[in-house]
file protein-v9.txt (compact mmCIF, C-alpha atoms and all ligand atoms)
# COMPACT_ATOMS: atom_id res chain seq x y z
CA MET A 1 135.23 83.84 99.37
CA GLU A 2 131.74 84.41 100.65
CA THR A 3 130.66 82.19 103.52
CA HIS A 4 127.01 81.52 102.90
CA LEU A 5 124.69 81.09 105.82
CA GLN A 6 122.40 78.12 105.42
CA PRO A 7 118.66 78.90 105.38
CA THR A 8 118.56 77.36 108.87
CA ASP A 9 120.94 80.08 110.12
CA LEU A 10 118.26 82.67 109.43
CA LYS A 11 116.83 84.38 112.49
CA ASN A 12 113.51 84.67 110.64
CA ASP A 13 112.77 81.95 108.08
CA THR A 14 108.99 82.49 107.99
CA LEU A 15 109.05 83.40 104.30
CA LEU A 16 111.00 80.25 103.35
CA ARG A 17 108.61 78.10 105.37
CA ALA A 18 105.57 79.64 103.72
CA LEU A 19 107.16 79.15 100.28
CA ALA A 20 107.63 75.47 101.18
CA ARG A 21 103.97 75.41 102.32
CA GLU A 22 104.97 74.54 105.87
CA PRO A 23 102.97 75.88 108.85
CA THR A 24 104.11 79.26 110.26
CA ALA A 25 103.18 81.09 113.47
CA TYR A 26 101.93 84.05 111.42
CA THR A 27 101.67 85.08 107.75
CA PRO A 28 104.98 86.46 106.43
CA VAL A 29 104.75 89.85 104.73
CA TRP A 30 106.91 91.88 102.37
CA LEU A 31 105.88 94.47 99.78
CA MET A 32 106.78 94.67 96.11
CA ARG A 33 108.94 97.80 95.62
CA GLN A 34 109.19 98.17 99.41
CA ALA A 35 112.28 100.37 98.99
CA GLY A 36 111.21 103.42 97.03
CA ARG A 37 109.89 106.89 96.65
CA TYR A 38 107.20 106.74 99.39
CA LEU A 39 110.05 106.72 101.95
CA PRO A 40 111.69 110.12 102.68
CA GLU A 41 114.96 108.36 103.55
CA TYR A 42 114.97 106.71 100.10
CA ASN A 43 114.53 110.09 98.44
CA ALA A 44 117.39 111.49 100.53
CA THR A 45 119.75 108.66 99.51
CA ARG A 46 118.68 108.99 95.89
CA ALA A 47 119.41 112.73 96.01
CA ARG A 48 122.81 111.96 97.49
CA ALA A 49 123.49 109.47 94.67
CA GLY A 50 122.45 112.07 92.08
CA SER A 51 120.08 109.82 90.11
CA PHE A 52 118.21 106.54 90.29
CA LEU A 53 120.75 104.81 88.03
CA LYS A 54 123.72 105.99 90.08
CA LEU A 55 121.92 104.70 93.18
CA ALA A 56 121.19 101.32 91.58
CA LYS A 57 124.77 101.02 90.29
CA SER A 58 126.36 101.71 93.69
CA PRO A 59 126.38 98.49 95.74
CA ALA A 60 126.86 100.44 99.00
CA LEU A 61 123.92 102.78 98.36
CA ALA A 62 121.74 99.97 96.97
CA THR A 63 122.39 98.05 100.20
CA GLU A 64 121.50 101.11 102.26
CA VAL A 65 118.11 101.60 100.56
CA ALA A 66 117.29 97.87 100.52
CA LEU A 67 117.58 97.91 104.33
CA GLN A 68 115.60 101.12 104.86
CA PRO A 69 112.12 99.54 104.92
CA LEU A 70 113.40 96.88 107.37
CA GLU A 71 114.55 99.58 109.79
CA ARG A 72 110.99 100.93 109.89
CA TYR A 73 108.84 97.81 109.67
CA PRO A 74 109.12 94.19 110.88
CA LEU A 75 109.07 92.79 107.34
CA ASP A 76 109.84 89.13 106.69
CA ALA A 77 112.05 89.61 103.62
CA ALA A 78 114.42 92.05 101.97
CA ILE A 79 114.50 92.49 98.21
CA LEU A 80 117.59 93.37 96.25
CA PHE A 81 117.55 97.04 95.29
CA SER A 82 117.93 97.15 91.53
CA ASP A 83 115.64 97.31 88.50
CA ILE A 84 114.44 94.84 85.89
CA LEU A 85 115.92 97.00 83.12
CA THR A 86 119.54 96.36 84.15
CA VAL A 87 119.54 93.34 81.81
CA PRO A 88 118.68 95.15 78.55
CA ASP A 89 121.06 97.91 79.69
CA ALA A 90 123.82 95.26 79.94
CA MET A 91 122.88 94.16 76.40
CA GLY A 92 123.84 97.64 75.21
CA LEU A 93 120.42 99.25 74.67
CA GLY A 94 121.35 102.39 76.64
CA LEU A 95 119.02 102.75 79.64
CA TYR A 96 118.30 106.27 80.83
CA PHE A 97 115.68 108.11 82.83
CA ALA A 98 114.20 111.29 81.44
CA GLU A 99 113.51 113.60 84.42
CA GLY A 100 109.99 113.11 85.77
CA GLU A 101 109.34 110.31 83.27
CA GLY A 102 109.87 106.58 83.30
CA PRO A 103 112.72 104.50 81.91
CA ARG A 104 113.80 104.88 78.26
CA PHE A 105 116.22 103.13 75.91
CA GLU A 106 118.45 105.01 73.49
CA ARG A 107 118.46 102.10 71.03
CA PRO A 108 115.13 100.24 71.07
CA LEU A 109 115.13 96.98 69.11
CA ARG A 110 113.32 97.55 65.86
CA ASP A 111 115.47 96.18 63.05
CA GLU A 112 116.47 92.69 62.16
CA ALA A 113 120.23 93.33 62.18
CA ALA A 114 120.19 94.68 65.75
CA ILE A 115 118.05 91.74 66.86
CA ALA A 116 120.45 89.28 65.20
CA ARG A 117 123.37 90.91 67.08
CA LEU A 118 121.66 90.72 70.48
CA ALA A 119 123.74 88.61 72.87
CA VAL A 120 123.48 87.14 76.35
CA PRO A 121 125.45 89.35 78.80
CA ASP A 122 127.90 87.76 81.23
CA PRO A 123 126.50 88.71 84.65
CA ALA A 124 129.98 88.55 86.23
CA LEU A 125 131.10 91.32 83.87
CA GLU A 126 128.26 93.57 82.69
CA LEU A 127 126.07 93.04 85.77
CA ARG A 128 128.77 92.78 88.35
CA TYR A 129 127.42 95.78 90.27
CA VAL A 130 124.16 93.86 90.85
CA LEU A 131 125.99 90.80 92.15
CA ASP A 132 128.07 93.05 94.40
CA ALA A 133 124.83 94.57 95.73
CA VAL A 134 123.46 91.06 96.41
CA ARG A 135 126.62 90.13 98.34
CA GLU A 136 126.70 93.39 100.27
CA THR A 137 122.98 93.35 101.12
CA ARG A 138 123.20 89.74 102.24
CA ARG A 139 126.15 90.59 104.48
CA ALA A 140 124.37 93.63 105.94
CA LEU A 141 121.25 91.57 106.68
CA ALA A 142 123.35 89.16 108.79
CA GLY A 143 120.61 86.54 108.70
CA ARG A 144 117.76 88.82 109.89
CA VAL A 145 115.46 87.80 107.02
CA PRO A 146 115.96 86.15 103.62
CA LEU A 147 117.06 88.17 100.60
CA ILE A 148 114.94 88.02 97.43
CA GLY A 149 116.70 88.42 94.08
CA PHE A 150 114.70 89.18 90.95
CA SER A 151 114.52 89.69 87.22
CA GLY A 152 111.96 90.84 84.71
CA SER A 153 110.39 87.99 82.74
CA PRO A 154 111.73 87.46 79.21
CA TYR A 155 108.51 88.88 77.74
CA THR A 156 108.29 91.91 80.05
CA LEU A 157 111.92 92.79 79.25
CA ALA A 158 111.18 92.40 75.52
CA CYS A 159 108.30 94.88 75.88
CA TYR A 160 110.63 97.65 77.07
CA MET A 161 113.41 96.63 74.66
CA ILE A 162 111.17 96.85 71.59
CA GLU A 163 108.99 99.79 72.64
CA GLY A 164 111.92 101.75 74.09
CA SER A 165 109.81 102.89 77.09
CA GLY A 166 106.66 101.99 79.00
CA SER A 167 103.43 101.96 76.99
CA ASN A 168 99.66 101.69 77.32
CA ASP A 169 99.25 99.43 74.30
CA TRP A 170 102.73 98.02 73.45
CA ARG A 171 102.00 98.84 69.81
CA HIS A 172 105.48 98.09 68.44
CA VAL A 173 105.68 94.81 70.34
CA LYS A 174 102.35 93.65 68.99
CA GLN A 175 103.26 94.78 65.50
CA MET A 176 106.36 92.60 65.66
CA ARG A 177 104.32 89.69 67.04
CA GLY A 178 101.98 89.97 64.04
CA ALA A 179 104.47 90.74 61.26
CA ARG A 180 107.66 88.96 62.38
CA PRO A 181 106.96 86.53 65.24
CA ASP A 182 110.35 84.92 64.47
CA LEU A 183 112.11 88.15 65.54
CA LEU A 184 110.13 88.30 68.77
CA HIS A 185 111.01 84.66 69.47
CA ARG A 186 114.68 85.43 68.81
CA ILE A 187 114.61 88.27 71.39
CA LEU A 188 112.75 86.08 73.89
CA ASP A 189 115.24 83.26 73.47
CA VAL A 190 118.17 85.60 74.20
CA ASN A 191 116.24 87.08 77.13
CA ALA A 192 115.42 83.66 78.61
CA ARG A 193 119.07 82.63 78.52
CA SER A 194 120.12 86.02 79.94
CA VAL A 195 117.56 85.86 82.77
CA THR A 196 118.62 82.30 83.62
CA ASP A 197 122.29 83.26 83.90
CA TYR A 198 121.43 86.45 85.79
CA LEU A 199 119.21 84.75 88.39
CA ASN A 200 121.67 81.89 88.83
CA ALA A 201 124.44 84.43 89.43
CA GLN A 202 122.23 86.20 92.00
CA ILE A 203 121.57 82.87 93.75
CA GLU A 204 125.30 82.12 93.78
CA ALA A 205 125.97 85.59 95.20
CA GLY A 206 123.52 84.96 98.06
CA ALA A 207 119.91 85.52 96.96
CA GLN A 208 117.80 82.98 98.88
CA VAL A 209 114.59 83.35 96.83
CA VAL A 210 114.13 84.61 93.28
CA MET A 211 111.15 86.33 91.70
CA LEU A 212 110.17 86.82 88.06
CA PHE A 213 108.26 90.07 87.46
CA ASP A 214 106.01 89.47 84.46
CA THR A 215 104.36 92.86 84.62
CA TRP A 216 103.17 92.89 81.01
CA GLY A 217 102.40 89.21 80.22
CA GLY A 218 98.80 90.04 81.10
CA SER A 219 98.52 92.32 78.06
CA LEU A 220 98.53 89.22 75.80
CA ASN A 221 95.69 86.94 74.73
CA THR A 222 95.63 83.44 76.20
CA ALA A 223 97.40 81.64 73.35
CA ASP A 224 100.04 84.35 73.05
CA TYR A 225 100.61 84.42 76.81
CA GLU A 226 101.43 80.71 76.64
CA GLU A 227 103.66 81.03 73.58
CA PHE A 228 105.48 84.33 74.23
CA SER A 229 105.56 84.69 78.01
CA LEU A 230 104.91 81.52 80.00
CA ALA A 231 106.95 79.18 77.75
CA TYR A 232 110.06 81.31 78.31
CA MET A 233 109.50 81.62 82.08
CA ARG A 234 109.20 77.81 82.17
CA GLN A 235 112.54 77.59 80.36
CA VAL A 236 114.15 79.88 82.98
CA LEU A 237 112.63 78.03 85.95
CA ALA A 238 113.78 74.65 84.61
CA ALA A 239 117.41 75.83 84.52
CA LEU A 240 117.59 77.58 87.92
CA ARG A 241 119.93 76.53 90.71
CA PRO A 242 117.99 75.22 93.71
CA ALA A 243 116.11 78.14 95.32
CA PRO A 244 112.41 78.87 95.84
CA SER A 245 110.92 80.98 93.03
CA ILE A 246 107.93 83.30 92.72
CA VAL A 247 106.23 84.10 89.41
CA PHE A 248 104.06 87.21 89.23
CA THR A 249 102.10 87.86 86.06
CA LYS A 250 100.12 91.05 86.59
CA ASP A 251 96.58 90.52 85.16
CA GLY A 252 97.35 86.79 84.91
CA GLY A 253 94.30 85.63 86.91
CA ALA A 254 92.85 83.71 83.96
CA TRP A 255 95.93 81.48 83.72
CA LEU A 256 96.61 80.50 87.35
CA GLU A 257 96.64 76.75 86.69
CA SER A 258 99.26 76.96 83.95
CA ILE A 259 101.38 79.46 85.91
CA ALA A 260 101.24 77.15 88.95
CA ALA A 261 102.46 74.27 86.74
CA SER A 262 105.39 76.30 85.35
CA GLY A 263 107.89 74.99 87.89
CA CYS A 264 107.68 77.90 90.36
CA SER A 265 107.26 77.56 94.13
CA ALA A 266 104.75 80.40 94.43
CA VAL A 267 102.35 82.40 92.27
CA GLY A 268 101.91 86.13 92.83
CA LEU A 269 98.32 87.38 92.59
CA ASP A 270 97.10 90.87 91.75
CA TRP A 271 94.07 92.23 93.59
CA THR A 272 91.57 91.29 90.87
CA VAL A 273 91.96 87.62 91.85
CA ASP A 274 89.69 86.22 94.58
CA PRO A 275 92.07 84.47 97.03
CA ARG A 276 89.46 81.82 97.90
CA GLU A 277 89.15 80.91 94.25
CA ALA A 278 92.95 80.90 93.80
CA ARG A 279 93.28 78.57 96.81
CA ARG A 280 90.69 76.22 95.26
CA ARG A 281 92.34 76.31 91.84
CA ILE A 282 96.03 76.02 92.76
CA GLY A 283 96.50 76.30 96.54
CA GLY A 284 97.36 72.60 96.87
CA LYS A 285 100.25 72.80 94.43
CA VAL A 286 102.17 76.00 95.12
CA ALA A 287 102.29 78.84 97.62
CA LEU A 288 100.37 82.06 96.88
CA GLN A 289 101.56 85.64 97.30
CA GLY A 290 99.37 88.72 97.44
CA ASN A 291 97.13 90.56 97.01
CA LEU A 292 96.11 93.87 98.61
CA ASP A 293 95.37 96.74 96.22
CA PRO A 294 98.33 99.16 96.65
CA ALA A 295 95.88 102.10 96.55
CA VAL A 296 94.68 101.04 100.02
CA LEU A 297 97.96 102.45 101.40
CA THR A 298 96.73 105.97 100.59
CA THR A 299 93.63 105.54 102.81
CA PRO A 300 93.14 105.94 106.61
CA ASP A 301 94.78 103.39 108.94
CA ALA A 302 91.43 101.91 110.02
CA ASN A 303 90.63 101.02 106.42
CA VAL A 304 94.15 99.67 105.83
CA ARG A 305 93.69 97.34 108.80
CA GLU A 306 90.21 96.27 107.72
CA GLN A 307 91.33 95.53 104.15
CA ALA A 308 94.34 93.58 105.45
CA ARG A 309 92.03 91.41 107.59
CA ARG A 310 89.81 90.78 104.57
CA VAL A 311 92.76 89.55 102.52
CA LEU A 312 93.92 87.31 105.39
CA ASP A 313 90.39 85.91 105.90
CA ALA A 314 90.11 85.18 102.18
CA PHE A 315 93.41 83.26 102.02
CA GLY A 316 92.59 81.39 105.24
CA THR A 317 95.11 79.76 107.56
CA ALA A 318 96.21 76.81 105.40
CA PRO A 319 100.00 76.93 104.90
CA GLY A 320 101.44 78.65 101.84
CA HIS A 321 100.36 82.30 101.92
CA ILE A 322 102.80 85.20 101.72
CA PHE A 323 101.11 88.54 102.30
CA ASN A 324 102.01 91.21 99.72
CA LEU A 325 100.42 93.90 97.61
CA GLY A 326 98.84 93.01 94.27
CA HIS A 327 101.42 95.22 92.51
CA GLY A 328 104.25 97.56 93.53
CA ILE A 329 103.76 100.14 96.25
CA SER A 330 103.07 103.61 94.87
CA PRO A 331 105.03 106.78 95.68
CA GLN A 332 101.79 108.12 97.21
CA ALA A 333 101.62 105.42 99.90
CA ARG A 334 101.73 106.84 103.44
CA PRO A 335 104.63 105.39 105.46
CA ASP A 336 102.30 105.20 108.50
CA ALA A 337 99.81 103.18 106.48
CA VAL A 338 102.56 100.65 105.75
CA ALA A 339 103.28 100.44 109.50
CA ALA A 340 99.59 99.78 110.17
CA LEU A 341 99.48 97.15 107.44
CA VAL A 342 102.51 95.19 108.63
CA ASP A 343 101.31 95.37 112.24
CA GLU A 344 97.81 94.16 111.33
CA VAL A 345 99.09 91.28 109.19
CA ARG A 346 101.30 90.04 111.99
CA ALA A 347 98.70 90.41 114.77
CA TYR A 348 95.61 89.24 112.92
CA SER A 349 97.27 86.26 111.21
CA LYS A 350 98.54 85.08 114.61
CA LYS A 351 95.09 85.46 116.08
CA LEU A 352 93.50 83.50 113.22
CA ARG A 353 95.90 80.62 113.85
CA THR A 354 95.12 80.43 117.55
CA GLY A 355 91.41 80.41 116.81
CA HIS A 356 90.61 83.80 118.33
CA GLY A 357 89.99 85.51 115.01
O1 LIG B 1 113.02 107.82 90.48
C1 LIG B 1 113.26 106.74 91.05
O2 LIG B 1 113.75 106.71 92.20
C2 LIG B 1 113.05 105.51 90.26
C3 LIG B 1 111.90 104.70 90.70
C4 LIG B 1 112.29 103.23 90.59
C5 LIG B 1 112.57 102.36 91.66
C6 LIG B 1 112.52 102.68 93.13
C7 LIG B 1 112.48 102.52 89.39
C8 LIG B 1 112.38 103.01 88.00
N1 LIG B 1 112.88 101.23 89.73
C9 LIG B 1 112.93 101.09 91.09
C10 LIG B 1 113.37 99.90 91.84
C11 LIG B 1 112.75 98.59 91.52
N2 LIG B 1 112.12 98.25 90.34
C12 LIG B 1 112.78 97.44 92.35
C13 LIG B 1 113.51 97.33 93.69
C14 LIG B 1 112.81 98.04 94.79
C15 LIG B 1 112.09 97.18 95.77
O3 LIG B 1 111.32 96.28 95.35
O4 LIG B 1 112.24 97.45 96.95
C16 LIG B 1 112.07 96.43 91.68
C17 LIG B 1 111.75 95.03 92.17
C18 LIG B 1 111.69 96.95 90.41
C19 LIG B 1 110.99 96.18 89.39
C20 LIG B 1 110.46 96.84 88.17
N3 LIG B 1 111.00 97.90 87.45
C21 LIG B 1 109.33 96.38 87.46
C22 LIG B 1 108.53 95.15 87.84
C23 LIG B 1 107.63 95.40 88.99
C24 LIG B 1 106.43 96.30 88.73
O5 LIG B 1 106.28 97.24 89.50
O6 LIG B 1 105.69 96.02 87.79
C25 LIG B 1 109.14 97.22 86.35
C26 LIG B 1 108.05 97.13 85.31
C27 LIG B 1 110.21 98.18 86.35
C28 LIG B 1 110.48 99.22 85.33
C29 LIG B 1 110.55 100.54 85.97
N4 LIG B 1 111.67 101.01 86.61
C30 LIG B 1 111.41 102.23 87.17
C31 LIG B 1 110.06 102.56 86.87
C32 LIG B 1 109.37 103.82 87.28
C33 LIG B 1 109.54 101.48 86.12
C34 LIG B 1 108.10 101.36 85.61
C35 LIG B 1 108.01 101.91 84.24
C36 LIG B 1 106.61 101.77 83.64
O7 LIG B 1 105.67 102.30 84.26
O8 LIG B 1 106.48 101.15 82.59

call {"tool": "encode", "arguments": {"input": "protein-v9.txt", "output": "structure tokens"}}
result
Amino acid sequence: METHLQPTDLKNDTLLRALAREPTAYTPVWLMRQAGRYLPEYNATRARAGSFLKLAKSPALATEVALQPLERYPLDAAILFSDILTVPDAMGLGLYFAEGEGPRFERPLRDEAAIARLAVPDPALELRYVLDAVRETRRALAGRVPLIGFSGSPYTLACYMIEGSGSNDWRHVKQMRGARPDLLHRILDVNARSVTDYLNAQIEAGAQVVMLFDTWGGSLNTADYEEFSLAYMRQVLAALRPAPSIVFTKDGGAWLESIAASGCSAVGLDWTVDPREARRRIGGKVALQGNLDPAVLTTPDANVREQARRVLDAFGTAPGHIFNLGHGISPQARPDAVAALVDEVRAYSKKLRTGHG
């Protein structure tokens, strides 16, 4: 049996305090996709594993790479090393990575019979390797910082499941939405139940915060976002075991009020959103996470530091801000730029709080 540390046993609970909108001595920071290809040590471990999927399916190696960014930088959270596409893979769609390209599915969902057969995977069986990685990462962290578990949103998973790969226009998804919305709703219903079970299993295995990545919800119009993405995230959030939750809809700036009312603890913002405006619109209800443009991490340190200060100034010192990027870090990010960023966030946010900003 796992002996779970209580949140109070954490050596650094700054993230949990900010999620609860309690005052903190400085602004906590972590970075979406903080373990990844911009780090040479990640690439070395990945080479050792043989492929990304072998890496993600080995709890020991997944633990190793999840801790790599924490060895370099004083980050305030770790995130489980996995991928959002493990869930459709567990449903039998056949995830693979074509060399030099993104993720692909061998059997994308296009016909009614396959959609009717789609079933909710049992995380303890088909996704056991993820739960093992949660347990092992949590153990390796030994209370240094909280561990974030995650899933794709029901809609974002459906995008990859129907299209069979990434896309600029999600043509097949939108065709299904127009011609057979009932089929899309059927997929989303299975996904919402799958994501609920998956996140609850991660929480039980030791994840202290969970995040929904709704990377493609922002490709929908307002009415469709409500009906096909947000409604299903609300369903997931309502059925979660007690744990703080973060919802990130990329390009979701138009819908901040309804996202904030979805039942989450925090809303992730991309860099197109003005933090001052987000604070005015929803800052009293939930915490906010974001929102530096990841491209800044390819620029000189002095600019990284200046842009970090601008983001911190715009959010202000009221409780409830978690510093992050506005989307995942890119493979082109300079590791030294990340060091400058994390250092500046810590130092400048402290200074702002003591009134010497
Ligand atoms: O070659 C490699 O090493 C694979 C690159 C890679 C990595 C490092 C992929 C393939 N996935 C991951 C890990 C990953 N993915 C994490 C854990 C790492 C961390 O945060 O430290 C997380 C949280 C994700 C989430 C993820 N995967 C999202 C949502 C977040 C986002 O960036 O929008 C999405 C859309 C995916 C799908 C995916 N998996 C991998 C790639 C290259 C993609 C994007 C495909 C596309 O562009 O459509």

call {"tool": "residues_near_ligand", "arguments": {"input": "protein-v9.txt", "ligand": "ligand LIG 1 (chain B)", "cutoff": "7 Å", "atoms": "all atoms listed in the file", "output": "NGL selection string"}}
result
:A and (32-37 or 46 or 52 or 66 or 79-85 or 102-103 or 150 or 152 or 165-167 or 213 or 215 or 327-328)

call {"tool": "atom_distance", "arguments": {"input": "protein-v9.txt", "atom1": "CA of Gln235 (chain A)", "atom2": "CA of Val87 (chain A)"}}
result
17.3 Å

call {"tool": "closest_residue", "arguments": {"input": "protein-v9.txt", "among": "A:Leu220, A:Val210, A:Ala25, A:Leu75", "to": "Lys174 (chain A)", "atoms": "all atoms listed in the file"}}
result
A:Leu220

call {"tool": "residues_around", "arguments": {"input": "protein-v9.txt", "residues": "Val296 (chain A)", "least_positions_apart": "3", "cutoff": "10 Å", "atoms": "all atoms listed in the file", "output": "list in words"}}
result
Leu292, Asp293, Thr299, Pro300, Asp301, Asn303, Val304, Arg305, Gln307, Ala308, Leu325, Ile329, Ala333, Arg334, Ala337, Val338 and Leu341 of chain A

call {"tool": "axis_aligned_box", "arguments": {"input": "protein-v9.txt", "around": "region 64-74 of chain A", "padding_each_side": "6 Å", "output": "JSON"}}
result
{"center_x": 115.2, "center_y": 97.9, "center_z": 105.7, "size_x": 24.7, "size_y": 19.4, "size_z": 22.4}

call {"tool": "closest_residue", "arguments": {"input": "protein-v9.txt", "among": "A:Asp169, A:Glu99, A:Glu257, A:Asp270", "to": "Gly50 (chain A)", "atoms": "all atoms listed in the file"}}
result
A:Glu99

call {"tool": "residues_around", "arguments": {"input": "protein-v9.txt", "residues": "Glu126 (chain A)", "least_positions_apart": "3", "cutoff": "10 Å", "atoms": "all atoms listed in the file", "output": "list in words"}}
result
Thr86, Val87, Asp89, Ala90, Met91, Gly92, Pro121, Asp122, Pro123, Tyr129 and Val130 of chain A

call {"tool": "closest_residue", "arguments": {"input": "protein-v9.txt", "among": "A:Thr63, A:Glu306, A:Gly290, A:Val209", "to": "Cys264 (chain A)", "atoms": "only C-alpha atoms"}}
result
A:Val209

call {"tool": "closest_atom_pairs", "arguments": {"input": "protein-v9.txt", "of": "region 52-160 of chain A", "to": "region 190-202 of chain A", "cutoff": "7 Å", "atoms": "all atoms listed in the file", "output": "JSON lines"}}
result
{"residue": "A:Ala119", "atom": "CA", "partner": "A:Val190", "partner_atom": "CA", "distance": 6.5}
{"residue": "A:Val120", "atom": "CA", "partner": "A:Ser194", "partner_atom": "CA", "distance": 5.0}
{"residue": "A:Pro121", "atom": "CA", "partner": "A:Ser194", "partner_atom": "CA", "distance": 6.4}
{"residue": "A:Pro123", "atom": "CA", "partner": "A:Tyr198", "partner_atom": "CA", "distance": 5.7}
{"residue": "A:Leu131", "atom": "CA", "partner": "A:Gln202", "partner_atom": "CA", "distance": 5.9}
{"residue": "A:Val134", "atom": "CA", "partner": "A:Gln202", "partner_atom": "CA", "distance": 6.7}
{"residue": "A:Gly149", "atom": "CA", "partner": "A:Gln202", "partner_atom": "CA", "distance": 6.3}
{"residue": "A:Phe150", "atom": "CA", "partner": "A:Leu199", "partner_atom": "CA", "distance": 6.8}
{"residue": "A:Ser151", "atom": "CA", "partner": "A:Val195", "partner_atom": "CA", "distance": 6.6}
{"residue": "A:Pro154", "atom": "CA", "partner": "A:Asn191", "partner_atom": "CA", "distance": 5.0}

call {"tool": "decode", "arguments": {"input": "protein-v9.txt", "residues": "region 72-87 of chain A", "atoms": "N, CA, C and O atoms", "output": "JSON list (two decimals), in the first residue's frame"}}
result
[["chain", "number", "residue", "atom", "x", "y", "z"],
["A", 72, "ARG", "N", 17.41, 20.88, -12.75],
["A", 72, "ARG", "CA", 18.03, 22.09, -13.30],
["A", 72, "ARG", "C", 17.50, 23.38, -12.72],
["A", 72, "ARG", "O", 18.25, 24.36, -12.61],
["A", 73, "TYR", "N", 16.17, 23.42, -12.49],
["A", 73, "TYR", "CA", 15.50, 24.68, -12.16],
["A", 73, "TYR", "C", 14.68, 24.54, -10.88],
["A", 73, "TYR", "O", 14.07, 23.49, -10.67],
["A", 74, "PRO", "N", 14.59, 25.62, -10.08],
["A", 74, "PRO", "CA", 13.76, 25.55, -8.87],
["A", 74, "PRO", "C", 12.27, 25.74, -9.19],
["A", 74, "PRO", "O", 11.64, 26.71, -8.78],
["A", 75, "LEU", "N", 11.71, 24.77, -9.90],
["A", 75, "LEU", "CA", 10.30, 24.82, -10.28],
["A", 75, "LEU", "C", 9.43, 24.47, -9.08],
["A", 75, "LEU", "O", 9.87, 23.76, -8.18],
["A", 76, "ASP", "N", 8.17, 24.90, -9.12],
["A", 76, "ASP", "CA", 7.27, 24.68, -7.99],
["A", 76, "ASP", "C", 6.30, 23.53, -8.21],
["A", 76, "ASP", "O", 5.40, 23.33, -7.39],
["A", 77, "ALA", "N", 6.46, 22.78, -9.29],
["A", 77, "ALA", "CA", 5.63, 21.60, -9.51],
["A", 77, "ALA", "C", 6.34, 20.65, -10.47],
["A", 77, "ALA", "O", 7.17, 21.07, -11.28],
["A", 78, "ALA", "N", 6.00, 19.38, -10.34],
["A", 78, "ALA", "CA", 6.39, 18.38, -11.34],
["A", 78, "ALA", "C", 5.11, 18.00, -12.07],
["A", 78, "ALA", "O", 4.02, 18.07, -11.51],
["A", 79, "ILE", "N", 5.25, 17.60, -13.34],
["A", 79, "ILE", "CA", 4.10, 17.07, -14.06],
["A", 79, "ILE", "C", 4.44, 15.65, -14.51],
["A", 79, "ILE", "O", 5.58, 15.37, -14.92],
["A", 80, "LEU", "N", 3.46, 14.80, -14.35],
["A", 80, "LEU", "CA", 3.57, 13.41, -14.80],
["A", 80, "LEU", "C", 4.13, 13.40, -16.22],
["A", 80, "LEU", "O", 3.68, 14.16, -17.07],
["A", 81, "PHE", "N", 5.10, 12.51, -16.50],
["A", 81, "PHE", "CA", 5.54, 12.38, -17.88],
["A", 81, "PHE", "C", 4.71, 11.31, -18.56],
["A", 81, "PHE", "O", 4.80, 10.11, -18.24],
["A", 82, "SER", "N", 3.89, 11.76, -19.50],
["A", 82, "SER", "CA", 3.03, 10.86, -20.27],
["A", 82, "SER", "C", 2.57, 11.63, -21.49],
["A", 82, "SER", "O", 3.23, 12.58, -21.90],
["A", 83, "ASP", "N", 1.46, 11.26, -22.08],
["A", 83, "ASP", "CA", 0.91, 12.03, -23.19],
["A", 83, "ASP", "C", -0.61, 11.95, -23.13],
["A", 83, "ASP", "O", -1.16, 11.00, -22.55],
["A", 84, "ILE", "N", -1.28, 12.92, -23.73],
["A", 84, "ILE", "CA", -2.75, 12.88, -23.70],
["A", 84, "ILE", "C", -3.29, 11.71, -24.53],
["A", 84, "ILE", "O", -4.40, 11.25, -24.31],
["A", 85, "LEU", "N", -2.50, 11.21, -25.47],
["A", 85, "LEU", "CA", -3.03, 10.20, -26.40],
["A", 85, "LEU", "C", -2.96, 8.77, -25.86],
["A", 85, "LEU", "O", -3.35, 7.82, -26.56],
["A", 86, "THR", "N", -2.52, 8.62, -24.61],
["A", 86, "THR", "CA", -2.55, 7.29, -23.98],
["A", 86, "THR", "C", -3.98, 6.77, -23.86],
["A", 86, "THR", "O", -4.19, 5.56, -23.91],
["A", 87, "VAL", "N", -4.95, 7.66, -23.70],
["A", 87, "VAL", "CA", -6.34, 7.22, -23.50],
["A", 87, "VAL", "C", -6.92, 6.60, -24.78],
["A", 87, "VAL", "O", -7.38, 5.45, -24.76]]
